[in-house]
$ cat model-v4.cif   # mmCIF, C-alpha atoms
data_protein
#
loop_
_atom_site.label_atom_id
_atom_site.label_comp_id
_atom_site.auth_asym_id
_atom_site.auth_seq_id
_atom_site.Cartn_x
_atom_site.Cartn_y
_atom_site.Cartn_z
CA MET A 1 -11.40 -32.08 -23.72
CA LEU A 2 -9.74 -30.41 -20.77
CA THR A 3 -12.32 -29.17 -18.30
CA ASP A 4 -11.77 -26.87 -15.33
CA GLU A 5 -12.88 -29.70 -13.06
CA ARG A 6 -10.16 -31.96 -14.49
CA LEU A 7 -7.65 -29.16 -14.07
CA ARG A 8 -8.62 -28.57 -10.43
CA HIS A 9 -8.43 -32.27 -9.61
CA GLY A 10 -5.00 -32.61 -11.22
CA ALA A 11 -3.72 -29.45 -9.51
CA ASP A 12 -4.91 -30.76 -6.17
CA LEU A 13 -2.99 -34.02 -6.63
CA ALA A 14 0.05 -32.13 -7.90
CA LEU A 15 0.03 -29.94 -4.82
CA ASN A 16 -0.23 -33.00 -2.55
CA ALA A 17 2.87 -34.40 -4.25
CA LEU A 18 4.73 -31.11 -3.84
CA LEU A 19 3.86 -30.94 -0.15
CA GLY A 20 5.04 -34.44 0.59
CA VAL A 21 8.61 -34.11 -0.57
CA VAL A 22 10.85 -34.21 2.49
CA PRO A 23 12.39 -37.63 3.18
CA ALA A 24 12.42 -38.68 6.81
CA ASP A 25 16.21 -38.89 6.87
CA TYR A 26 16.82 -35.39 5.50
CA VAL A 27 18.97 -33.41 7.94
CA CYS A 28 18.63 -29.64 7.98
CA ALA A 29 21.74 -28.03 9.48
CA PRO A 30 21.80 -24.26 8.93
CA SER A 31 25.04 -22.38 9.56
CA PRO A 32 25.51 -20.22 12.69
CA ALA A 33 25.34 -17.11 10.48
CA PHE A 34 21.93 -18.14 9.18
CA VAL A 35 20.64 -18.85 12.66
CA GLN A 36 21.93 -15.48 13.85
CA ASP A 37 20.17 -13.62 11.03
CA MET A 38 16.96 -15.48 11.70
CA ASP A 39 17.23 -14.82 15.42
CA ARG A 40 17.45 -11.17 14.64
CA LEU A 41 14.35 -11.30 12.49
CA ARG A 42 12.55 -13.22 15.17
CA GLY A 43 13.37 -10.49 17.65
CA GLN A 44 15.11 -12.81 20.04
CA VAL A 45 18.24 -10.71 20.34
CA ARG A 46 16.50 -7.38 20.27
CA ARG A 47 17.44 -6.53 23.83
CA ARG A 48 21.10 -7.27 23.27
CA MET A 49 21.20 -5.11 20.15
CA VAL A 50 19.52 -2.23 21.90
CA LEU A 51 22.01 -2.42 24.73
CA GLN A 52 24.90 -2.41 22.29
CA ARG A 53 23.52 0.62 20.56
CA ALA A 54 22.89 2.37 23.83
CA GLY A 55 26.48 1.67 24.81
CA ARG A 56 27.86 3.30 21.70
CA THR A 57 25.53 6.24 21.98
CA ALA A 58 26.58 6.75 25.59
CA ALA A 59 30.22 6.85 24.53
CA VAL A 60 29.51 9.45 21.88
CA LEU A 61 27.51 11.58 24.28
CA LEU A 62 30.28 11.40 26.88
CA LEU A 63 32.75 12.66 24.30
CA ALA A 64 30.31 15.40 23.40
CA VAL A 65 30.09 16.51 27.00
CA LEU A 66 33.87 16.65 27.29
CA LEU A 67 34.40 18.69 24.14
CA GLY A 68 31.13 20.50 23.92
CA PHE A 69 28.78 18.96 21.42
CA SER A 70 28.75 21.80 18.93
CA ALA A 71 32.52 22.02 19.05
CA LEU A 72 32.69 18.32 18.25
CA LEU A 73 30.53 18.69 15.17
CA ALA A 74 32.38 21.79 14.00
CA PHE A 75 35.68 20.05 14.55
CA ASN A 76 35.30 17.56 11.75
CA GLN A 77 32.79 17.74 8.93
CA ASP A 78 33.20 14.02 8.34
CA VAL A 79 32.02 13.34 11.86
CA ARG A 80 28.92 15.40 11.25
CA ALA A 81 28.23 13.56 8.04
CA ALA A 82 28.75 10.19 9.67
CA PHE A 83 26.02 10.96 12.16
CA SER A 84 23.29 11.49 9.62
CA ARG A 85 24.14 9.61 6.45
CA TRP A 86 22.35 6.84 4.77
CA THR A 87 24.84 5.32 2.38
CA ARG A 88 23.59 4.15 -0.97
CA GLY A 89 25.21 1.18 -2.64
CA PHE A 90 24.68 -1.32 -5.41
CA THR A 91 25.33 -5.02 -4.82
CA ASP A 92 24.30 -8.04 -6.86
CA GLY A 93 21.48 -6.21 -8.57
CA TRP A 94 20.22 -4.55 -5.41
CA PHE A 95 20.25 -0.85 -4.60
CA THR A 96 20.87 -0.65 -0.87
CA TYR A 97 20.51 2.08 1.73
CA THR A 98 22.33 1.41 4.95
CA HIS A 99 22.63 3.53 8.05
CA ILE A 100 25.95 2.55 9.47
CA GLU A 101 26.46 5.04 12.29
CA GLU A 102 24.52 5.97 15.35
CA SER A 103 22.46 9.09 14.84
CA ALA A 104 23.59 10.85 17.97
CA SER A 105 23.42 14.29 16.39
CA HIS A 106 19.68 14.04 16.04
CA SER A 107 16.93 14.37 18.54
CA LEU A 108 15.46 11.21 16.98
CA THR A 109 11.94 12.40 17.37
CA ALA A 110 9.11 9.97 17.82
CA TRP A 111 7.11 11.78 15.18
CA ILE A 112 4.74 9.84 13.01
CA TYR A 113 4.83 10.58 9.30
CA ALA A 114 2.07 10.21 6.78
CA PRO A 115 1.24 11.56 3.34
CA ALA A 116 -1.45 14.24 3.45
CA TRP A 117 -2.34 13.77 -0.22
CA LEU A 118 -3.15 10.63 -2.18
CA PRO A 119 -4.72 10.06 -5.59
CA ASP A 120 -8.51 9.74 -5.49
CA GLY A 121 -9.94 6.50 -4.21
CA TYR A 122 -7.08 5.35 -1.99
CA VAL A 123 -7.74 4.61 1.66
CA GLU A 124 -5.42 3.37 4.35
CA THR A 125 -5.84 -0.39 4.76
CA THR A 126 -2.74 -1.43 6.70
CA THR A 127 -0.83 0.40 9.39
CA SER A 128 1.97 -1.09 11.42
CA ARG A 129 2.21 -0.33 15.08
CA GLY A 130 3.84 3.06 15.39
CA GLY A 131 2.87 3.96 11.84
CA ALA A 132 6.23 3.03 10.31
CA TYR A 133 4.53 1.15 7.49
CA ARG A 134 1.30 2.11 5.78
CA VAL A 135 -0.49 0.64 2.80
CA PHE A 136 -3.21 2.47 0.92
CA THR A 137 -5.41 0.63 -1.55
CA ASN A 138 -8.24 1.51 -3.88
CA GLU A 139 -11.25 -0.49 -5.00
CA ALA A 140 -9.39 -1.81 -8.02
CA GLY A 141 -6.85 -3.41 -5.68
CA ASP A 142 -4.02 -1.03 -6.60
CA TRP A 143 -1.81 -0.16 -3.68
CA ILE A 144 0.60 2.49 -2.44
CA ALA A 145 3.12 1.48 0.24
CA PHE A 146 4.66 4.13 2.48
CA GLN A 147 7.52 3.21 4.77
CA VAL A 148 9.52 5.24 7.26
CA ILE A 149 12.91 3.83 8.24
CA ARG A 150 14.53 5.53 11.21
CA SER A 151 18.26 5.87 11.39
CA SER A 152 18.16 4.53 14.94
CA GLU A 153 16.92 1.15 13.72
CA SER A 154 20.17 -0.04 12.11
CA ALA A 155 18.12 -1.08 9.12
CA THR A 156 19.13 -1.86 5.60
CA VAL A 157 16.72 -1.24 2.79
CA ALA A 158 17.24 -2.97 -0.52
CA ILE A 159 15.43 -2.28 -3.75
CA GLY A 160 15.63 -4.32 -6.88
CA GLY A 161 16.81 -7.87 -7.14
CA ASP A 162 16.32 -10.43 -9.81
CA GLY A 163 15.14 -9.23 -13.18
CA TYR A 164 14.57 -5.70 -11.94
CA ASN A 165 14.83 -3.64 -15.10
CA VAL A 166 15.03 -0.15 -13.73
CA LYS A 167 16.00 3.41 -14.60
CA THR A 168 17.10 5.58 -11.68
CA GLU A 169 16.90 9.33 -11.44
CA ASP A 170 18.07 11.67 -8.68
CA VAL A 171 15.29 13.81 -7.31
CA THR A 172 14.83 16.48 -4.66
CA VAL A 173 11.60 17.03 -2.81
CA ARG A 174 11.34 19.76 -0.19
CA ARG A 175 15.11 19.78 0.41
CA MET A 176 15.12 16.00 0.71
CA ASP A 177 17.42 14.28 -1.77
CA GLY A 178 16.67 10.86 -3.10
CA GLN A 179 16.12 8.61 -6.09
CA PHE A 180 13.20 7.68 -8.25
CA TYR A 181 13.26 4.10 -9.57
CA LEU A 182 11.25 3.61 -12.74
CA ASP A 183 10.38 -0.02 -13.42
CA LEU A 184 10.90 -0.30 -17.18
CA ASP A 185 8.77 -3.44 -17.27
CA GLY A 186 5.77 -1.44 -16.16
CA GLY A 187 5.56 -2.76 -12.61
CA THR A 188 5.94 -0.92 -9.36
CA ASN A 189 7.96 2.29 -9.19
CA ASP A 190 9.80 3.40 -6.06
CA LEU A 191 10.76 6.73 -4.58
CA VAL A 192 13.37 6.91 -1.81
CA LEU A 193 14.02 10.16 0.04
CA GLU A 194 16.28 10.99 2.95
CA ASP A 195 15.16 13.57 5.45
CA PRO A 196 18.42 14.94 6.84
CA ALA A 197 16.60 16.91 9.50
CA ASP A 198 15.34 13.83 11.30
CA GLY A 199 17.60 11.15 9.87
CA VAL A 200 14.78 9.10 8.41
CA LEU A 201 14.37 7.46 5.04
CA PHE A 202 11.01 7.58 3.29
CA LEU A 203 10.01 4.91 0.79
CA LEU A 204 7.04 5.16 -1.50
CA SER A 205 6.15 2.26 -3.81
CA ALA A 206 3.28 2.04 -6.25
CA ALA A 207 2.45 1.39 -9.87
CA LEU A 208 2.08 5.13 -10.34
CA PRO A 209 4.01 7.66 -12.46
CA LYS A 210 6.87 9.71 -11.10
CA GLU A 211 4.87 12.92 -10.90
CA THR A 212 2.23 11.29 -8.72
CA LEU A 213 4.78 9.74 -6.37
CA LEU A 214 6.58 13.10 -6.08
CA ARG A 215 3.30 14.81 -5.28
CA ILE A 216 2.56 12.27 -2.56
CA ALA A 217 6.07 12.80 -1.17
CA GLU A 218 5.62 16.57 -1.16
CA SER A 219 2.59 16.11 1.06
CA ILE A 220 4.36 14.06 3.76
CA VAL A 221 3.71 15.62 7.13
CA ALA A 222 5.22 14.94 10.53
CA ILE A 223 2.81 14.53 13.40
CA PRO A 224 4.57 15.39 16.69
CA MET B 1 9.96 -5.16 -8.21
CA LEU B 2 10.76 -6.41 -4.77
CA LEU B 3 11.31 -4.40 -1.64
CA LEU B 4 13.26 -6.04 1.11
CA PHE B 5 13.27 -4.57 4.56
CA LEU B 6 15.86 -6.08 6.82
CA GLN B 7 14.44 -5.14 10.13
CA GLU B 8 12.72 -6.70 13.04
CA ILE B 9 9.05 -7.63 13.01
CA GLU B 10 7.18 -5.03 15.03
CA ASP B 11 3.98 -6.69 16.12
CA PRO B 12 4.32 -9.31 18.92
CA ALA B 13 1.49 -11.39 17.42
CA ASP B 14 3.23 -11.39 14.05
CA ARG B 15 6.48 -12.29 15.74
CA GLU B 16 4.82 -15.26 17.41
CA LYS B 17 3.32 -16.34 14.10
CA PHE B 18 6.69 -15.99 12.40
CA GLN B 19 8.25 -18.10 15.14
CA ARG B 20 5.73 -20.88 14.43
CA ILE B 21 6.44 -20.74 10.71
CA TYR B 22 10.17 -20.81 11.34
CA GLU B 23 9.99 -23.84 13.60
CA ARG B 24 7.42 -25.71 11.54
CA TYR B 25 8.70 -25.15 7.99
CA ARG B 26 12.42 -24.40 8.18
CA ARG B 27 13.38 -27.99 7.39
CA GLU B 28 10.99 -28.31 4.46
CA MET B 29 12.07 -24.97 3.02
CA PHE B 30 15.71 -26.01 3.18
CA TYR B 31 14.88 -29.24 1.42
CA VAL B 32 12.92 -27.56 -1.36
CA ALA B 33 15.72 -25.03 -1.97
CA SER B 34 18.35 -27.78 -1.88
CA ARG B 35 16.56 -29.58 -4.71
CA LEU B 36 17.29 -26.62 -6.96
CA LEU B 37 20.58 -25.21 -5.66
CA ALA B 38 23.82 -27.16 -5.26
CA ASP B 39 25.75 -24.75 -3.02
CA PRO B 40 24.57 -24.87 0.63
CA ARG B 41 25.25 -21.12 0.93
CA ASP B 42 22.84 -20.47 -1.92
CA VAL B 43 20.31 -22.72 -0.22
CA GLU B 44 20.60 -20.64 2.95
CA ASP B 45 20.26 -17.41 0.97
CA ALA B 46 17.12 -18.70 -0.71
CA VAL B 47 15.55 -19.77 2.57
CA GLN B 48 16.51 -16.50 4.21
CA GLU B 49 15.00 -14.48 1.37
CA ALA B 50 11.89 -16.63 1.63
CA PHE B 51 11.60 -15.88 5.35
CA PHE B 52 12.01 -12.16 4.69
CA ALA B 53 9.28 -12.35 2.06
CA LEU B 54 7.02 -14.26 4.44
CA SER B 55 7.70 -11.75 7.22
CA ARG B 56 6.13 -9.09 5.01
CA ASN B 57 3.06 -11.19 4.37
CA LEU B 58 2.25 -12.59 7.79
CA ARG B 59 -1.23 -11.10 7.80
CA LYS B 60 -2.09 -13.18 4.76
CA LEU B 61 -1.19 -16.39 6.58
CA ARG B 62 -4.12 -16.64 8.94
CA ASN B 63 -3.34 -20.15 10.03
CA PRO B 64 0.28 -21.09 9.28
CA GLU B 65 -0.50 -24.78 9.78
CA ASP B 66 -3.21 -25.12 7.13
CA ARG B 67 -2.64 -26.59 3.66
CA SER B 68 -2.96 -23.31 1.86
CA SER B 69 -0.34 -21.60 4.05
CA ARG B 70 1.97 -24.58 3.81
CA ALA B 71 1.75 -24.50 0.01
CA TYR B 72 2.39 -20.78 -0.10
CA ILE B 73 5.39 -21.09 2.24
CA LEU B 74 7.04 -23.92 0.29
CA LEU B 75 6.33 -22.30 -3.07
CA THR B 76 7.93 -19.12 -1.71
CA ALA B 77 11.08 -21.07 -0.88
CA GLU B 78 11.04 -22.57 -4.36
CA ARG B 79 10.54 -19.15 -5.97
CA LYS B 80 13.46 -17.64 -4.05
CA ALA B 81 15.70 -20.54 -5.07
CA ILE B 82 14.74 -19.95 -8.70
CA ASP B 83 15.48 -16.23 -8.22
CA ILE B 84 19.00 -17.13 -7.14
CA LEU B 85 19.45 -19.40 -10.15
CA ARG B 86 18.39 -16.53 -12.35
CA ARG B 87 20.84 -14.13 -10.72
CA GLN B 88 23.62 -16.64 -11.27
CA ARG B 89 22.83 -16.85 -14.95
CA PRO B 90 22.52 -13.28 -16.22
CA GLU B 91 22.92 -14.52 -19.79
CA LEU B 92 19.45 -16.04 -19.67
CA LEU B 93 16.78 -14.25 -21.62
CA THR B 94 13.39 -13.58 -20.10
CA ALA B 95 11.89 -16.37 -22.17
CA ASP B 96 14.52 -18.82 -20.90
CA ILE B 97 13.99 -17.77 -17.29
CA GLU B 98 10.33 -18.60 -17.60
CA GLU B 99 11.24 -22.12 -18.64
CA LEU B 100 13.26 -22.94 -15.50
CA ALA B 101 11.87 -26.04 -13.82
CA GLY B 102 10.76 -26.15 -10.22
CA TYR B 103 11.54 -28.90 -7.76
CA GLN B 104 10.11 -32.34 -8.46
CA PRO B 105 8.74 -34.72 -5.86
CA ASP B 106 10.44 -38.12 -5.63
CA VAL B 107 7.14 -39.90 -6.04
CA LEU B 108 4.98 -38.72 -8.92
CA PRO B 109 1.21 -39.13 -8.74
CA ASP B 110 -0.57 -41.60 -11.03
CA ASP B 111 -2.89 -38.94 -12.37
CA THR B 112 -1.93 -37.70 -15.86
CA MET B 113 -3.05 -34.12 -15.33
CA ALA B 114 -1.17 -33.91 -12.02
CA ARG B 115 2.00 -35.05 -13.79
CA LEU B 116 1.50 -32.51 -16.55
CA ILE B 117 1.09 -29.75 -14.00
CA LEU B 118 4.20 -30.85 -12.12
CA ALA B 119 6.13 -30.74 -15.40
CA LEU B 120 5.24 -27.10 -16.04
CA PRO B 121 8.04 -24.53 -15.64
CA GLN B 122 8.13 -23.15 -12.10
CA ALA B 123 6.86 -19.69 -13.05
CA LEU B 124 3.73 -21.20 -14.58
CA ARG B 125 3.31 -24.07 -12.14
CA THR B 126 3.15 -21.80 -9.11
CA VAL B 127 0.32 -19.67 -10.47
CA ALA B 128 -1.50 -22.77 -11.76
CA VAL B 129 -1.35 -24.49 -8.38
CA LEU B 130 -2.42 -21.37 -6.49
CA ARG B 131 -5.29 -20.85 -8.93
CA TYR B 132 -6.59 -24.36 -9.50
CA ALA B 133 -5.63 -26.26 -6.34
CA LEU B 134 -6.18 -23.49 -3.81
CA GLY B 135 -8.71 -21.36 -5.66
CA TYR B 136 -6.90 -18.03 -5.35
CA LYS B 137 -8.11 -15.30 -7.66
CA PRO B 138 -5.53 -13.80 -10.05
CA ARG B 139 -5.45 -10.54 -8.08
CA GLU B 140 -4.70 -12.40 -4.85
CA ILE B 141 -1.97 -14.40 -6.58
CA ALA B 142 -0.51 -11.14 -7.86
CA ARG B 143 -0.39 -9.72 -4.35
CA ARG B 144 1.22 -12.79 -2.88
CA LEU B 145 3.80 -13.21 -5.61
CA GLU B 146 4.43 -9.47 -6.03
CA LEU B 147 3.44 -9.60 -9.68
CA THR B 148 0.99 -7.50 -11.64
CA PRO B 149 -2.47 -9.03 -12.16
CA ALA B 150 -1.84 -8.82 -15.91
CA GLU B 151 1.31 -10.91 -15.55
CA VAL B 152 -0.57 -13.50 -13.48
CA SER B 153 -3.28 -13.70 -16.12
CA ARG B 154 -0.67 -14.09 -18.83
CA ARG B 155 1.01 -16.94 -16.96
CA LEU B 156 -2.30 -18.67 -16.27
CA TYR B 157 -3.22 -18.38 -19.92
CA ARG B 158 0.11 -19.83 -21.00
CA ALA B 159 -0.09 -22.64 -18.43
CA LYS B 160 -3.55 -23.59 -19.63
CA GLN B 161 -2.40 -23.46 -23.24
CA ILE B 162 0.45 -25.90 -22.53
CA LEU B 163 -1.74 -28.18 -20.42
CA THR B 164 -4.47 -28.27 -23.07
CA GLN B 165 -1.96 -29.21 -25.75
CA LYS B 166 -0.23 -31.86 -23.63
CA TRP B 167 -3.56 -33.25 -22.42
CA LYS B 168 -4.70 -33.61 -26.01
CA GLU B 169 -1.51 -35.45 -26.93
CA GLU B 170 -1.76 -37.74 -23.91
CA THR B 171 -5.40 -38.62 -24.41
CA GLU B 172 -4.95 -39.13 -28.16
CA ASP B 173 -2.00 -41.45 -27.49
CA ALA B 174 -4.09 -43.38 -24.99
CA ASP B 175 -6.99 -43.66 -27.44
CA GLY B 176 -4.88 -44.45 -30.46
#

$ encode --input "model-v4.cif" --output "structure tokens"
Amino acid sequence: MLTDERLRHGADLALNALLGVVPADYVCAPSPAFVQDMDRLRGQVRRRMVLQRAGRTAAVLLLAVLLGFSALLAFNQDVRAAFSRWTRGFTDGWFTYTHIEESASHSLTAWIYAPAWLPDGYVETTTSRGGAYRVFTNEAGDWIAFQVIRSSESATVAIGGDGYNVKTEDVTVRRMDGQFYLDLDGGTNDLVLEDPADGVLFLLSAALPKETLLRIAESIVAIP
Amino acid sequence: MLLLFLQEIEDPADREKFQRIYERYRREMFYVASRLLADPRDVEDAVQEAFFALSRNLRKLRNPEDRSSRAYILLTAERKAIDILRRQRPELLTADIEELAGYQPDVLPDDTMARLILALPQALRTVAVLRYALGYKPREIARRLELTPAEVSRRLYRAKQILTQKWKEETEDADG
């Protein structure tokens, strides 16, 4: 008969075997592109990226001074759009949102955002520094994740991936356009909204119905 | 569902922890992924996705050097490699995907039950190892693997079913 004790002992030995796999002569040689991506994640080139962005922003502002900023925006609607757009794409099973231009037309406020309404029982359990990422959980262990991506962060957000069986629906909440992603396998649903006024992208994820996620989104407030 | 945020890690303490994980485990993660994927570019993609996943879960890795963290990190690399295999084979049905094997160590343990566990499909083996070797509760496994608790319970049930059957066959063979 298979006892839990036997199972635990076997699993322990199996894990030891899995952890001892790398031969001494194995050479790991990642490509320069991989190292560059990892460097970025590790924050080692943060300063260089900021300087590059500052350089481009300075060029745009100089042009604005020469032409008059409002005249510049009125001159070409495409230019205006380029300043504030998150572009949505679909690649290899992933829905992506990428901010590809500097957001020079915005004041880029340092406001903190948070939902003012949550379903009963949820309390904030995780907050990143600056409040860009918040997680609310209830006693049952269910969670709601709220993320604010600023257009100044040159970030890409991707939703989906392997085996993501999803139905998307365009939605509008308080003049913010976006998409609701319904997980047809009954997992976590996502709501993505773009706030054109401040150039930020809001992401809400939870195993909650659309109506509840929309209600949470409607309650998002900016704290100056 | 999986959310992937390609952005820098905000907290300096988390960044330092991530740095330690990167230095300590990069080689092992590459090796694990290379056991499942032939193309070196796919191997890099798997390891990169694993690092992104780990960057979102740094708080859960209190001590990156301990056995539990090491297991979680390597199993994450394995899981991401399997994800890539699945994406490359869209014709696979859900049932087939669940049968995909994980990486195998070169030296198998003598213990029968350990061998049976290692022979489980990756999707079942990961939850079985986290549950029985490291003692994680199903809800914690669900959080770490970004699965629903119900799905974790289902996989644990199925793993135990297979192990019970195989154990019976093995012990009967030995007796008979």

$ resolve_selection --input "model-v4.cif" --expression "the PyMOL selection byres ((chain B and resi 54-63) around 9)" --output "list in words"
Leu41 of chain A; Leu4, Phe5, Ile9, Asp14, Arg15, Lys17, Phe18, Glu49, Ala50, Phe51, Phe52, Ala53, Pro64, Glu65, Asp66, Ser68, Ser69, Tyr72, Ile73, Thr76 and Arg144 of chain B

$ residues_around --input "model-v4.cif" --residues "range 116-130 of chain B" --least-positions-apart "5" --cutoff "6 Å" --atoms "all atoms listed in the file" --output "compact mmCIF listing (two decimals) with C-alpha atoms, in the frame of the given file"
# COMPACT_ATOMS: atom_id res chain seq x y z
CA ALA A 11 -3.72 -29.45 -9.51
CA GLU B 98 10.33 -18.60 -17.60
CA GLU B 99 11.24 -22.12 -18.64
CA LEU B 100 13.26 -22.94 -15.50
CA ALA B 101 11.87 -26.04 -13.82
CA GLY B 102 10.76 -26.15 -10.22
CA TYR B 136 -6.90 -18.03 -5.35
CA ARG B 155 1.01 -16.94 -16.96
CA ALA B 159 -0.09 -22.64 -18.43

$ residues_near_point --input "model-v4.cif" --point "(16.8, 12.5, 7.1)" --cutoff "9 Å" --atoms "all atoms listed in the file" --output "short mmCIF file (atom, residue, chain, number, x, y, z; two decimals) with C-alpha atoms, in the coordinates of the input"
data_model
loop_
_atom_site.label_atom_id
_atom_site.label_comp_id
_atom_site.auth_asym_id
_atom_site.auth_seq_id
_atom_site.Cartn_x
_atom_site.Cartn_y
_atom_site.Cartn_z
CA SER A 84 23.29 11.49 9.62
CA ARG A 85 24.14 9.61 6.45
CA TRP A 86 22.35 6.84 4.77
CA ARG A 150 14.53 5.53 11.21
CA SER A 151 18.26 5.87 11.39
CA MET A 176 15.12 16.00 0.71
CA LEU A 193 14.02 10.16 0.04
CA GLU A 194 16.28 10.99 2.95
CA ASP A 195 15.16 13.57 5.45
CA PRO A 196 18.42 14.94 6.84
CA ALA A 197 16.60 16.91 9.50
CA ASP A 198 15.34 13.83 11.30
CA GLY A 199 17.60 11.15 9.87
CA VAL A 200 14.78 9.10 8.41
CA LEU A 201 14.37 7.46 5.04
CA PHE A 202 11.01 7.58 3.29
#

$ closest_residue --input "model-v4.cif" --among "A:Gly141, A:Thr127, A:Phe146, A:Ser219" --to "Glu140 in chain B" --atoms "all atoms listed in the file"
A:Gly141

$ atom_distance --input "model-v4.cif" --atom1 "CA of Met29 in chain B" --atom2 "CA of Arg86 in chain B"
18.6 Å

$ residues_around --input "model-v4.cif" --residues "Ala33 in chain B" --least-positions-apart "6" --cutoff "9 Å" --atoms "all atoms listed in the file" --output "ChimeraX atom specification"
/B:42-44,46-47,77-82,103

$ atom_distance --input "model-v4.cif" --atom1 "CA of Gly187 in chain A" --atom2 "CA of Leu147 in chain B"
7.7 Å

$ closest_residue --input "model-v4.cif" --among "B:Ala114, B:Thr171, B:Ala150, B:Leu74" --to "chain A" --atoms "all atoms listed in the file"
B:Ala114

$ closest_residue --input "model-v4.cif" --among "B:Pro12, B:Val107, B:Tyr132, B:Arg27" --to "Glu5 in chain A" --atoms "all atoms listed in the file"
B:Tyr132

$ residues_near_point --input "model-v4.cif" --point "(18.7, -29.5, 2.8)" --cutoff "12 Å" --atoms "only C-alpha atoms" --output "compact mmCIF listing (two decimals) with C-alpha atoms, in the frame of the given file"
# COMPACT_ATOMS: atom_id res chain seq x y z
CA VAL A 21 8.61 -34.11 -0.57
CA VAL A 22 10.85 -34.21 2.49
CA PRO A 23 12.39 -37.63 3.18
CA ALA A 24 12.42 -38.68 6.81
CA ASP A 25 16.21 -38.89 6.87
CA TYR A 26 16.82 -35.39 5.50
CA VAL A 27 18.97 -33.41 7.94
CA CYS A 28 18.63 -29.64 7.98
CA ALA A 29 21.74 -28.03 9.48
CA PRO A 30 21.80 -24.26 8.93
CA SER A 31 25.04 -22.38 9.56
CA ARG B 26 12.42 -24.40 8.18
CA ARG B 27 13.38 -27.99 7.39
CA GLU B 28 10.99 -28.31 4.46
CA MET B 29 12.07 -24.97 3.02
CA PHE B 30 15.71 -26.01 3.18
CA TYR B 31 14.88 -29.24 1.42
CA VAL B 32 12.92 -27.56 -1.36
CA ALA B 33 15.72 -25.03 -1.97
CA SER B 34 18.35 -27.78 -1.88
CA ARG B 35 16.56 -29.58 -4.71
CA LEU B 36 17.29 -26.62 -6.96
CA LEU B 37 20.58 -25.21 -5.66
CA ALA B 38 23.82 -27.16 -5.26
CA ASP B 39 25.75 -24.75 -3.02
CA PRO B 40 24.57 -24.87 0.63
CA ARG B 41 25.25 -21.12 0.93
CA ASP B 42 22.84 -20.47 -1.92
CA VAL B 43 20.31 -22.72 -0.22
CA GLU B 44 20.60 -20.64 2.95
CA ALA B 46 17.12 -18.70 -0.71
CA VAL B 47 15.55 -19.77 2.57
CA ALA B 77 11.08 -21.07 -0.88

$ atom_distance --input "model-v4.cif" --atom1 "CA of Trp117 in chain A" --atom2 "CA of Leu208 in chain A"
14.0 Å
